[in-house]
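Note: the block below is input_24.pdb and it holds PDB, C-alpha atoms.
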ATOM      1  CA  MET A 902      15.216 -13.121  20.224  1.00  0.00           C
ATOM      2  CA  THR A 903      14.672 -16.780  21.162  1.00  0.00           C
ATOM      3  CA  ASP A 904      13.771 -19.740  19.001  1.00  0.00           C
ATOM      4  CA  GLU A 905      10.453 -19.946  20.831  1.00  0.00           C
ATOM      5  CA  ASP A 906       9.496 -16.360  20.001  1.00  0.00           C
ATOM      6  CA  PRO A 907      10.898 -15.518  16.566  1.00  0.00           C
ATOM      7  CA  GLN A 908      10.359 -12.044  15.182  1.00  0.00           C
ATOM      8  CA  PRO A 909       9.036 -12.099  11.637  1.00  0.00           C
ATOM      9  CA  GLY A 910      11.355 -10.621   9.037  1.00  0.00           C
ATOM     10  CA  MET A 911      10.282  -8.071   6.487  1.00  0.00           C
ATOM     11  CA  ALA A 912      11.283  -7.594   2.882  1.00  0.00           C
ATOM     12  CA  LEU A 913      10.664  -4.517   0.751  1.00  0.00           C
ATOM     13  CA  VAL A 914      10.931  -4.704  -3.033  1.00  0.00           C
ATOM     14  CA  MET A 915      10.123  -2.233  -5.782  1.00  0.00           C
ATOM     15  CA  THR A 916       9.634  -2.291  -9.534  1.00  0.00           C
ATOM     16  CA  ASP A 917      12.656  -1.027 -11.441  1.00  0.00           C
ATOM     17  CA  THR A 918      10.419   0.927 -13.823  1.00  0.00           C
ATOM     18  CA  PRO A 919       7.075   2.673 -13.286  1.00  0.00           C
ATOM     19  CA  VAL A 920       3.955   0.637 -14.006  1.00  0.00           C
ATOM     20  CA  GLU A 921       0.744   1.906 -15.628  1.00  0.00           C
ATOM     21  CA  ILE A 922      -2.087   1.288 -13.147  1.00  0.00           C
ATOM     22  CA  ASP A 923      -5.681   2.429 -13.050  1.00  0.00           C
ATOM     23  CA  VAL A 924      -7.038   3.326  -9.605  1.00  0.00           C
ATOM     24  CA  GLY A 925     -10.720   4.071  -9.094  1.00  0.00           C
ATOM     25  CA  LEU A 926     -13.676   3.525  -6.826  1.00  0.00           C
ATOM     26  CA  ILE A 927     -15.212   0.055  -6.796  1.00  0.00           C
ATOM     27  CA  ASP A 928     -18.263  -1.361  -5.059  1.00  0.00           C
ATOM     28  CA  ASP A 929     -17.468  -3.767  -2.251  1.00  0.00           C
ATOM     29  CA  GLU A 930     -20.095  -4.733   0.294  1.00  0.00           C
ATOM     30  CA  ARG A 931     -17.367  -5.065   2.955  1.00  0.00           C
ATOM     31  CA  THR A 932     -16.588  -1.333   2.823  1.00  0.00           C
ATOM     32  CA  PRO A 933     -17.372   0.270   6.203  1.00  0.00           C
ATOM     33  CA  GLU A 934     -19.948   3.045   6.254  1.00  0.00           C
ATOM     34  CA  GLY A 935     -18.410   6.445   5.599  1.00  0.00           C
ATOM     35  CA  MET A 936     -15.453   4.980   3.678  1.00  0.00           C
ATOM     36  CA  VAL A 937     -14.818   4.173   0.005  1.00  0.00           C
ATOM     37  CA  CYS A 938     -13.111   1.221  -1.634  1.00  0.00           C
ATOM     38  CA  LEU A 939     -10.348   1.792  -4.185  1.00  0.00           C
ATOM     39  CA  GLY A 940      -9.615  -0.828  -6.782  1.00  0.00           C
ATOM     40  CA  THR A 941      -6.278  -0.977  -8.564  1.00  0.00           C
ATOM     41  CA  ARG A 942      -6.241  -2.512 -12.011  1.00  0.00           C
ATOM     42  CA  LEU A 943      -3.305  -3.478 -14.151  1.00  0.00           C
ATOM     43  CA  ARG A 944      -4.133  -4.112 -17.809  1.00  0.00           C
ATOM     44  CA  GLY A 945      -7.814  -4.312 -16.806  1.00  0.00           C
ATOM     45  CA  LYS A 946      -7.322  -6.958 -14.096  1.00  0.00           C
ATOM     46  CA  LEU A 947      -8.058  -6.098 -10.459  1.00  0.00           C
ATOM     47  CA  ILE A 948      -4.827  -6.633  -8.527  1.00  0.00           C
ATOM     48  CA  ALA A 949      -5.573  -4.857  -5.235  1.00  0.00           C
ATOM     49  CA  ARG A 950      -8.270  -3.132  -3.244  1.00  0.00           C
ATOM     50  CA  CYS A 951      -8.105  -0.849  -0.248  1.00  0.00           C
ATOM     51  CA  VAL A 952     -10.526   1.095   1.932  1.00  0.00           C
ATOM     52  CA  VAL A 953      -9.781   4.813   2.358  1.00  0.00           C
ATOM     53  CA  SER A 954     -11.574   7.898   3.577  1.00  0.00           C
ATOM     54  CA  PRO A 955     -13.533   9.946   1.036  1.00  0.00           C
ATOM     55  CA  ASP A 956     -11.099  12.828   1.746  1.00  0.00           C
ATOM     56  CA  MET A 957      -8.134  10.678   0.749  1.00  0.00           C
ATOM     57  CA  TRP A 958      -9.899   9.601  -2.449  1.00  0.00           C
ATOM     58  CA  GLY A 959     -10.739  13.253  -3.151  1.00  0.00           C
ATOM     59  CA  LEU A 960      -7.063  14.201  -2.844  1.00  0.00           C
ATOM     60  CA  ILE A 961      -5.990  11.329  -5.121  1.00  0.00           C
ATOM     61  CA  GLU A 962      -8.623  12.172  -7.714  1.00  0.00           C
ATOM     62  CA  ARG A 963      -8.144  15.958  -7.564  1.00  0.00           C
ATOM     63  CA  THR A 964      -4.363  15.878  -7.837  1.00  0.00           C
ATOM     64  CA  GLY A 965      -4.002  12.953 -10.222  1.00  0.00           C
ATOM     65  CA  MET A 966      -1.165  11.600  -8.094  1.00  0.00           C
ATOM     66  CA  LEU A 967      -1.865   8.038  -9.272  1.00  0.00           C
ATOM     67  CA  VAL A 968      -2.431   8.897 -12.938  1.00  0.00           C
ATOM     68  CA  GLY A 969       0.244   7.644 -15.276  1.00  0.00           C
ATOM     69  CA  PRO A 970       2.948   5.103 -14.595  1.00  0.00           C
ATOM     70  CA  VAL A 971       4.111   4.863 -10.971  1.00  0.00           C
ATOM     71  CA  PRO A 972       6.685   2.654  -9.272  1.00  0.00           C
ATOM     72  CA  LEU A 973       5.121  -0.129  -7.220  1.00  0.00           C
ATOM     73  CA  ALA A 974       6.560  -1.298  -3.911  1.00  0.00           C
ATOM     74  CA  LEU A 975       5.682  -4.435  -1.972  1.00  0.00           C
ATOM     75  CA  SER A 976       6.427  -5.120   1.671  1.00  0.00           C
ATOM     76  CA  ALA A 977       6.220  -8.741   2.813  1.00  0.00           C
ATOM     77  CA  THR A 978       6.277 -10.467   6.196  1.00  0.00           C
ATOM     78  CA  GLU A 979       6.022 -14.130   7.066  1.00  0.00           C
ATOM     79  CA  GLU A 980       2.781 -14.442   9.019  1.00  0.00           C
ATOM     80  CA  PRO A 981      -0.083 -16.941   8.879  1.00  0.00           C
ATOM     81  CA  PRO A 982      -1.410 -18.140   6.532  1.00  0.00           C
ATOM     82  CA  GLY A 983       1.908 -17.696   4.726  1.00  0.00           C
ATOM     83  CA  LEU A 984       3.131 -14.395   3.350  1.00  0.00           C
ATOM     84  CA  GLN A 985       1.339 -11.133   4.206  1.00  0.00           C
ATOM     85  CA  CYS A 986       2.115  -8.385   1.696  1.00  0.00           C
ATOM     86  CA  ARG A 987       1.171  -4.750   1.255  1.00  0.00           C
ATOM     87  CA  LEU A 988       1.227  -3.182  -2.199  1.00  0.00           C
ATOM     88  CA  PHE A 989       2.058   0.519  -2.510  1.00  0.00           C
ATOM     89  CA  ALA A 990       2.241   3.066  -5.305  1.00  0.00           C
ATOM     90  CA  VAL A 991       5.213   5.407  -4.861  1.00  0.00           C
ATOM     91  CA  THR A 992       4.198   8.851  -6.028  1.00  0.00           C
ATOM     92  CA  ASN A 993       5.170  12.485  -5.770  1.00  0.00           C
ATOM     93  CA  LEU A 994       3.085  14.356  -3.243  1.00  0.00           C
ATOM     94  CA  PRO A 995       1.278  17.313  -4.764  1.00  0.00           C
ATOM     95  CA  PRO A 996       2.003  20.650  -3.047  1.00  0.00           C
ATOM     96  CA  GLU A 997      -1.564  20.854  -1.735  1.00  0.00           C
ATOM     97  CA  ALA A 998      -1.062  17.621   0.224  1.00  0.00           C
ATOM     98  CA  LEU A 999       1.758  19.328   2.129  1.00  0.00           C
ATOM     99  CA  GLU A1000      -0.154  22.513   2.937  1.00  0.00           C
ATOM    100  CA  GLU A1001      -1.631  23.114   6.353  1.00  0.00           C
ATOM    101  CA  ASP A1002      -5.410  22.824   6.575  1.00  0.00           C
ATOM    102  CA  GLY A1003      -6.644  26.313   7.319  1.00  0.00           C
ATOM    103  CA  GLU A1004      -5.577  28.306  10.341  1.00  0.00           C
ATOM    104  CA  GLU A1005      -3.867  26.952  13.372  1.00  0.00           C
ATOM    105  CA  GLU A1006      -6.059  26.135  16.358  1.00  0.00           C
ATOM    106  CA  PRO A1007      -6.149  29.037  18.881  1.00  0.00           C
ATOM    107  CA  TRP A1008      -4.778  26.857  21.676  1.00  0.00           C
ATOM    108  CA  ALA A1009      -1.830  25.565  19.586  1.00  0.00           C
ATOM    109  CA  SER A1010       0.428  28.544  20.299  1.00  0.00           C
ATOM    110  CA  SER A1011       0.398  27.710  24.024  1.00  0.00           C
ATOM    111  CA  VAL A1012       1.691  24.179  23.417  1.00  0.00           C
ATOM    112  CA  PRO A1013       5.515  24.049  23.560  1.00  0.00           C
ATOM    113  CA  SER A1014       5.784  21.469  20.771  1.00  0.00           C
ATOM    114  CA  SER A1015       3.953  23.725  18.307  1.00  0.00           C
ATOM    115  CA  ASP A1016       6.950  26.112  18.103  1.00  0.00           C
ATOM    116  CA  TYR A1017       9.270  23.192  17.479  1.00  0.00           C
ATOM    117  CA  GLU A1018       7.044  21.745  14.754  1.00  0.00           C
ATOM    118  CA  ARG A1019       6.737  25.160  13.052  1.00  0.00           C
ATOM    119  CA  SER A1020      10.523  25.606  13.060  1.00  0.00           C
ATOM    120  CA  ILE A1021      11.026  22.113  11.604  1.00  0.00           C
ATOM    121  CA  ARG A1022       8.489  22.782   8.850  1.00  0.00           C
ATOM    122  CA  ALA A1023      10.087  26.165   8.090  1.00  0.00           C
ATOM    123  CA  GLY A1024      13.504  24.528   7.724  1.00  0.00           C
ATOM    124  CA  ASP A1025      12.350  21.749   5.398  1.00  0.00           C
ATOM    125  CA  ASP A1026      14.216  21.553   2.115  1.00  0.00           C
ATOM    126  CA  ASP A1027      12.099  22.432  -0.891  1.00  0.00           C
ATOM    127  CA  ASP A1028      14.758  21.184  -3.298  1.00  0.00           C
ATOM    128  CA  GLY A1029      12.600  18.525  -4.863  1.00  0.00           C
ATOM    129  CA  PRO A1030       9.319  16.691  -4.827  1.00  0.00           C
ATOM    130  CA  ARG A1031       8.347  14.792  -1.740  1.00  0.00           C
ATOM    131  CA  GLN A1032       7.272  11.241  -2.243  1.00  0.00           C
ATOM    132  CA  ALA A1033       4.743   9.077  -0.493  1.00  0.00           C
ATOM    133  CA  ALA A1034       3.822   5.426  -0.563  1.00  0.00           C
ATOM    134  CA  ILE A1035       0.071   5.116  -1.095  1.00  0.00           C
ATOM    135  CA  LEU A1036      -1.368   1.803   0.107  1.00  0.00           C
ATOM    136  CA  LEU A1037      -3.190   0.041  -2.725  1.00  0.00           C
ATOM    137  CA  GLY A1038      -4.079  -3.159  -0.910  1.00  0.00           C
ATOM    138  CA  TYR A1039      -3.040  -6.393   0.743  1.00  0.00           C
ATOM    139  CA  ILE A1040      -1.841  -9.548  -0.948  1.00  0.00           C
ATOM    140  CA  VAL A1041      -1.636 -12.968   0.660  1.00  0.00           C
ATOM    141  CA  ARG A1042       0.450 -15.862  -0.582  1.00  0.00           C
ATOM    142  CA  PHE A1043      -0.504 -19.061   1.179  1.00  0.00           C
ATOM    143  CA  ASP A1044       2.303 -21.066   2.760  1.00  0.00           C
ATOM    144  CA  LYS A1045       1.694 -24.028   0.428  1.00  0.00           C
ATOM    145  CA  ASP A1046       2.134 -21.717  -2.602  1.00  0.00           C
ATOM    146  CA  ARG A1047       5.523 -20.329  -1.531  1.00  0.00           C
ATOM    147  CA  LYS A1048       8.336 -20.693  -4.038  1.00  0.00           C
ATOM    148  CA  PHE A1049      11.361 -19.431  -2.056  1.00  0.00           C
ATOM    149  CA  ARG A1050      10.997 -20.566   1.554  1.00  0.00           C
ATOM    150  CA  GLU A1051      14.680 -19.909   2.252  1.00  0.00           C
ATOM    151  CA  SER A1052      14.539 -16.250   1.152  1.00  0.00           C
ATOM    152  CA  LEU A1053      11.855 -13.765   2.091  1.00  0.00           C
ATOM    153  CA  SER A1054      13.343 -11.234  -0.342  1.00  0.00           C
ATOM    154  CA  ASP A1055      13.197 -13.677  -3.265  1.00  0.00           C
ATOM    155  CA  GLU A1056       9.622 -14.560  -2.308  1.00  0.00           C
ATOM    156  CA  ALA A1057       8.643 -10.870  -2.239  1.00  0.00           C
ATOM    157  CA  VAL A1058      10.275 -10.313  -5.645  1.00  0.00           C
ATOM    158  CA  ASP A1059       8.288 -13.263  -7.017  1.00  0.00           C
ATOM    159  CA  VAL A1060       4.989 -11.919  -5.630  1.00  0.00           C
ATOM    160  CA  LEU A1061       5.609  -8.482  -7.148  1.00  0.00           C
ATOM    161  CA  ARG A1062       6.744 -10.004 -10.451  1.00  0.00           C
ATOM    162  CA  ARG A1063       3.550 -12.064 -10.643  1.00  0.00           C
ATOM    163  CA  LEU A1064       1.424  -9.011  -9.867  1.00  0.00           C
ATOM    164  CA  VAL A1065       3.081  -6.934 -12.577  1.00  0.00           C
ATOM    165  CA  SER A1066       2.947  -9.787 -15.110  1.00  0.00           C
ATOM    166  CA  GLY A1067      -0.777 -10.243 -14.436  1.00  0.00           C
ATOM    167  CA  ASP A1068      -0.430 -13.752 -12.999  1.00  0.00           C
ATOM    168  CA  VAL A1069      -2.607 -13.153  -9.931  1.00  0.00           C
ATOM    169  CA  SER A1070      -5.774 -14.525  -8.413  1.00  0.00           C
ATOM    170  CA  GLU A1071      -7.921 -13.144  -5.656  1.00  0.00           C
ATOM    171  CA  VAL A1072      -7.558 -14.743  -2.235  1.00  0.00           C
ATOM    172  CA  VAL A1073     -11.306 -15.474  -2.282  1.00  0.00           C
ATOM    173  CA  ASP A1074     -10.910 -17.357  -5.585  1.00  0.00           C
ATOM    174  CA  LYS A1075      -7.943 -19.286  -4.176  1.00  0.00           C
ATOM    175  CA  VAL A1076      -9.804 -20.271  -0.988  1.00  0.00           C
ATOM    176  CA  LEU A1077     -12.838 -21.413  -2.989  1.00  0.00           C
ATOM    177  CA  GLY A1078     -10.590 -23.388  -5.322  1.00  0.00           C
ATOM    178  CA  ASP A1079      -8.892 -25.072  -2.352  1.00  0.00           C
ATOM    179  CA  LEU A1080     -12.257 -25.917  -0.759  1.00  0.00           C
ATOM    180  CA  LEU A1081     -13.650 -27.310  -3.995  1.00  0.00           C
ATOM    181  CA  GLY A1082     -10.489 -29.279  -4.732  1.00  0.00           C
ATOM    182  CA  GLY A1083      -9.380 -27.134  -7.678  1.00  0.00           C
ATOM    183  CA  GLU A1084      -5.882 -25.833  -8.401  1.00  0.00           C
TER     184      GLU A1084
END
What does the file become when written as structure tokens?
Amino acid sequence: MTDEDPQPGMALVMTDTPVEIDVGLIDDERTPEGMVCLGTRLRGKLIARCVVSPDMWGLIERTGMLVGPVPLALSATEEPPGLQCRLFAVTNLPPEALEEDGEEEPWASSVPSSDYERSIRAGDDDDGPRQAAILLGYIVRFDKDRKFRESLSDEAVDVLRRLVSGDVSEVVDKVLGDLLGGE
């Protein structure tokens, strides 16, 4: 790595206790056709939104995998316009999410890798629940709003702390405030 072409670092932080969130469908005119938009609320305030397939929403809704308190994780990278973050809910995968969809394709048995994949799946440990990180949305912290420029990890902790404490504003609100000269 040279000084002229630095690789951005990444920090991953997680809440130390599960957080009660409410995830549901929301209307957003930016949602592509054939997709749905999930909104994540914390104490009634929208903290994240994400576009997913209707099948993914159906699995979330049917299994209740995001009902009740869940740990939240935040990954952060330093990229324009400041800090780019992804917010995840860490949840146990329901057994039906791990099941194969229907029968195997007729041609699959002739593919050498299919035997390998079957043997790997057959040898998987079933000693406990499998977990997954479900993307809830993206969070941006503008460069001018950074608090810990010397530490990406500290900055990520601060972003997650502010999300959980309810001290958040939408990027659109922030941009409008900046354009109109507000704080």
Exercise for the section: Would you translate the PyMOL selection byres ((chain A and resi 976-992) around 10) into the concrete set of residues it matches in this file, as a PyMOL selection string? Expected result: chain A and resi 908-915+919-920+922+941+948-951+966-968+970-975+993-995+1030-1047+1050+1053-1054+1056-1058+1060-1061+1064
Fill in the blank from the handout: Taken to one decimal, the CA of Asp928 in chain A-CA of Gly959 in chain A distance is 16.5 Å
Problem - Selection near range 960-965 of chain A, 9 Å with only C-alpha atoms, sequence-local residues under 3 positions removed, as a PyMOL selection string - result: chain A and resi 925+955-957+968-969+994-995+997-998
Kindly list the centre and edge lengths in Å, rounded to one decimal, for the axis-aligned box that covers all listed atoms of range 965-968 of chain A plus 3 Å on each of its six sides, as JSON.
{"center_x": -2.6, "center_y": 10.5, "center_z": -10.5, "size_x": 8.8, "size_y": 10.9, "size_z": 10.8}
Problem - Point-to-point distance in Å for CA of Glu1051 in chain A and CA of Leu947 in chain A - result: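 Taking CA of Leu947 in chain A and CA of Glu1051 in chain A, their separation equals 29.5 Å.
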Write out N, CA and C atoms for range 926-958 of chain A, as a PDB file, in the frame of the given file.
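Below is the file that was written, rebuild03.pdb:
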ATOM      1  N   LEU A 926     -12.729   4.046  -7.811  1.00  0.00           N
ATOM      2  CA  LEU A 926     -13.676   3.525  -6.826  1.00  0.00           C
ATOM      3  C   LEU A 926     -14.312   2.247  -7.353  1.00  0.00           C
ATOM      4  N   ILE A 927     -14.497   1.288  -6.463  1.00  0.00           N
ATOM      5  CA  ILE A 927     -15.212   0.055  -6.796  1.00  0.00           C
ATOM      6  C   ILE A 927     -16.236  -0.216  -5.702  1.00  0.00           C
ATOM      7  N   ASP A 928     -17.267  -0.954  -6.049  1.00  0.00           N
ATOM      8  CA  ASP A 928     -18.263  -1.361  -5.059  1.00  0.00           C
ATOM      9  C   ASP A 928     -17.767  -2.618  -4.358  1.00  0.00           C
ATOM     10  N   ASP A 929     -17.820  -2.597  -3.053  1.00  0.00           N
ATOM     11  CA  ASP A 929     -17.468  -3.767  -2.251  1.00  0.00           C
ATOM     12  C   ASP A 929     -18.335  -3.715  -1.005  1.00  0.00           C
ATOM     13  N   GLU A 930     -19.149  -4.727  -0.824  1.00  0.00           N
ATOM     14  CA  GLU A 930     -20.095  -4.733   0.294  1.00  0.00           C
ATOM     15  C   GLU A 930     -19.396  -4.747   1.655  1.00  0.00           C
ATOM     16  N   ARG A 931     -18.112  -5.047   1.691  1.00  0.00           N
ATOM     17  CA  ARG A 931     -17.367  -5.065   2.955  1.00  0.00           C
ATOM     18  C   ARG A 931     -16.858  -3.688   3.358  1.00  0.00           C
ATOM     19  N   THR A 932     -17.067  -2.682   2.528  1.00  0.00           N
ATOM     20  CA  THR A 932     -16.588  -1.333   2.823  1.00  0.00           C
ATOM     21  C   THR A 932     -17.369  -0.748   3.996  1.00  0.00           C
ATOM     22  N   PRO A 933     -16.666  -0.321   5.051  1.00  0.00           N
ATOM     23  CA  PRO A 933     -17.372   0.270   6.203  1.00  0.00           C
ATOM     24  C   PRO A 933     -18.100   1.557   5.807  1.00  0.00           C
ATOM     25  N   GLU A 934     -19.174   1.836   6.511  1.00  0.00           N
ATOM     26  CA  GLU A 934     -19.948   3.045   6.254  1.00  0.00           C
ATOM     27  C   GLU A 934     -19.056   4.272   6.436  1.00  0.00           C
ATOM     28  N   GLY A 935     -19.189   5.218   5.533  1.00  0.00           N
ATOM     29  CA  GLY A 935     -18.410   6.445   5.599  1.00  0.00           C
ATOM     30  C   GLY A 935     -17.050   6.344   4.921  1.00  0.00           C
ATOM     31  N   MET A 936     -16.722   5.188   4.360  1.00  0.00           N
ATOM     32  CA  MET A 936     -15.453   4.980   3.678  1.00  0.00           C
ATOM     33  C   MET A 936     -15.732   4.614   2.221  1.00  0.00           C
ATOM     34  N   VAL A 937     -14.692   4.592   1.402  1.00  0.00           N
ATOM     35  CA  VAL A 937     -14.818   4.173   0.005  1.00  0.00           C
ATOM     36  C   VAL A 937     -13.768   3.107  -0.280  1.00  0.00           C
ATOM     37  N   CYS A 938     -14.030   2.290  -1.274  1.00  0.00           N
ATOM     38  CA  CYS A 938     -13.111   1.221  -1.634  1.00  0.00           C
ATOM     39  C   CYS A 938     -12.442   1.556  -2.969  1.00  0.00           C
ATOM     40  N   LEU A 939     -11.111   1.560  -2.965  1.00  0.00           N
ATOM     41  CA  LEU A 939     -10.348   1.792  -4.185  1.00  0.00           C
ATOM     42  C   LEU A 939      -9.961   0.450  -4.785  1.00  0.00           C
ATOM     43  N   GLY A 940     -10.089   0.343  -6.075  1.00  0.00           N
ATOM     44  CA  GLY A 940      -9.615  -0.828  -6.782  1.00  0.00           C
ATOM     45  C   GLY A 940      -8.467  -0.421  -7.682  1.00  0.00           C
ATOM     46  N   THR A 941      -7.423  -1.228  -7.692  1.00  0.00           N
ATOM     47  CA  THR A 941      -6.278  -0.977  -8.564  1.00  0.00           C
ATOM     48  C   THR A 941      -6.259  -2.049  -9.634  1.00  0.00           C
ATOM     49  N   ARG A 942      -6.267  -1.597 -10.871  1.00  0.00           N
ATOM     50  CA  ARG A 942      -6.241  -2.512 -12.011  1.00  0.00           C
ATOM     51  C   ARG A 942      -4.936  -2.339 -12.779  1.00  0.00           C
ATOM     52  N   LEU A 943      -4.475  -3.441 -13.287  1.00  0.00           N
ATOM     53  CA  LEU A 943      -3.305  -3.478 -14.151  1.00  0.00           C
ATOM     54  C   LEU A 943      -3.728  -4.229 -15.403  1.00  0.00           C
ATOM     55  N   ARG A 944      -3.665  -3.541 -16.534  1.00  0.00           N
ATOM     56  CA  ARG A 944      -4.133  -4.112 -17.809  1.00  0.00           C
ATOM     57  C   ARG A 944      -5.557  -4.681 -17.674  1.00  0.00           C
ATOM     58  N   GLY A 945      -6.414  -3.945 -16.948  1.00  0.00           N
ATOM     59  CA  GLY A 945      -7.814  -4.312 -16.806  1.00  0.00           C
ATOM     60  C   GLY A 945      -8.115  -5.326 -15.716  1.00  0.00           C
ATOM     61  N   LYS A 946      -7.097  -5.945 -15.125  1.00  0.00           N
ATOM     62  CA  LYS A 946      -7.322  -6.958 -14.096  1.00  0.00           C
ATOM     63  C   LYS A 946      -7.148  -6.342 -12.711  1.00  0.00           C
ATOM     64  N   LEU A 947      -8.118  -6.596 -11.829  1.00  0.00           N
ATOM     65  CA  LEU A 947      -8.058  -6.098 -10.459  1.00  0.00           C
ATOM     66  C   LEU A 947      -6.924  -6.808  -9.727  1.00  0.00           C
ATOM     67  N   ILE A 948      -5.953  -6.031  -9.241  1.00  0.00           N
ATOM     68  CA  ILE A 948      -4.827  -6.633  -8.527  1.00  0.00           C
ATOM     69  C   ILE A 948      -4.816  -6.289  -7.041  1.00  0.00           C
ATOM     70  N   ALA A 949      -5.554  -5.245  -6.644  1.00  0.00           N
ATOM     71  CA  ALA A 949      -5.573  -4.857  -5.235  1.00  0.00           C
ATOM     72  C   ALA A 949      -6.798  -4.006  -4.953  1.00  0.00           C
ATOM     73  N   ARG A 950      -7.198  -4.016  -3.708  1.00  0.00           N
ATOM     74  CA  ARG A 950      -8.270  -3.132  -3.244  1.00  0.00           C
ATOM     75  C   ARG A 950      -7.932  -2.658  -1.848  1.00  0.00           C
ATOM     76  N   CYS A 951      -8.437  -1.470  -1.529  1.00  0.00           N
ATOM     77  CA  CYS A 951      -8.105  -0.849  -0.248  1.00  0.00           C
ATOM     78  C   CYS A 951      -9.227   0.114   0.140  1.00  0.00           C
ATOM     79  N   VAL A 952      -9.527   0.170   1.413  1.00  0.00           N
ATOM     80  CA  VAL A 952     -10.526   1.095   1.932  1.00  0.00           C
ATOM     81  C   VAL A 952      -9.825   2.363   2.404  1.00  0.00           C
ATOM     82  N   VAL A 953     -10.338   3.518   1.960  1.00  0.00           N
ATOM     83  CA  VAL A 953      -9.781   4.813   2.358  1.00  0.00           C
ATOM     84  C   VAL A 953     -10.922   5.761   2.693  1.00  0.00           C
ATOM     85  N   SER A 954     -10.566   6.879   3.285  1.00  0.00           N
ATOM     86  CA  SER A 954     -11.574   7.898   3.577  1.00  0.00           C
ATOM     87  C   SER A 954     -11.955   8.614   2.281  1.00  0.00           C
ATOM     88  N   PRO A 955     -13.160   9.157   2.212  1.00  0.00           N
ATOM     89  CA  PRO A 955     -13.533   9.946   1.036  1.00  0.00           C
ATOM     90  C   PRO A 955     -12.589  11.129   0.810  1.00  0.00           C
ATOM     91  N   ASP A 956     -12.052  11.722   1.895  1.00  0.00           N
ATOM     92  CA  ASP A 956     -11.099  12.828   1.746  1.00  0.00           C
ATOM     93  C   ASP A 956      -9.830  12.378   1.039  1.00  0.00           C
ATOM     94  N   MET A 957      -9.338  11.193   1.400  1.00  0.00           N
ATOM     95  CA  MET A 957      -8.134  10.678   0.749  1.00  0.00           C
ATOM     96  C   MET A 957      -8.408  10.432  -0.731  1.00  0.00           C
ATOM     97  N   TRP A 958      -9.555   9.826  -1.041  1.00  0.00           N
ATOM     98  CA  TRP A 958      -9.899   9.601  -2.449  1.00  0.00           C
ATOM     99  C   TRP A 958     -10.009  10.938  -3.178  1.00  0.00           C
TER     100      TRP A 958
END
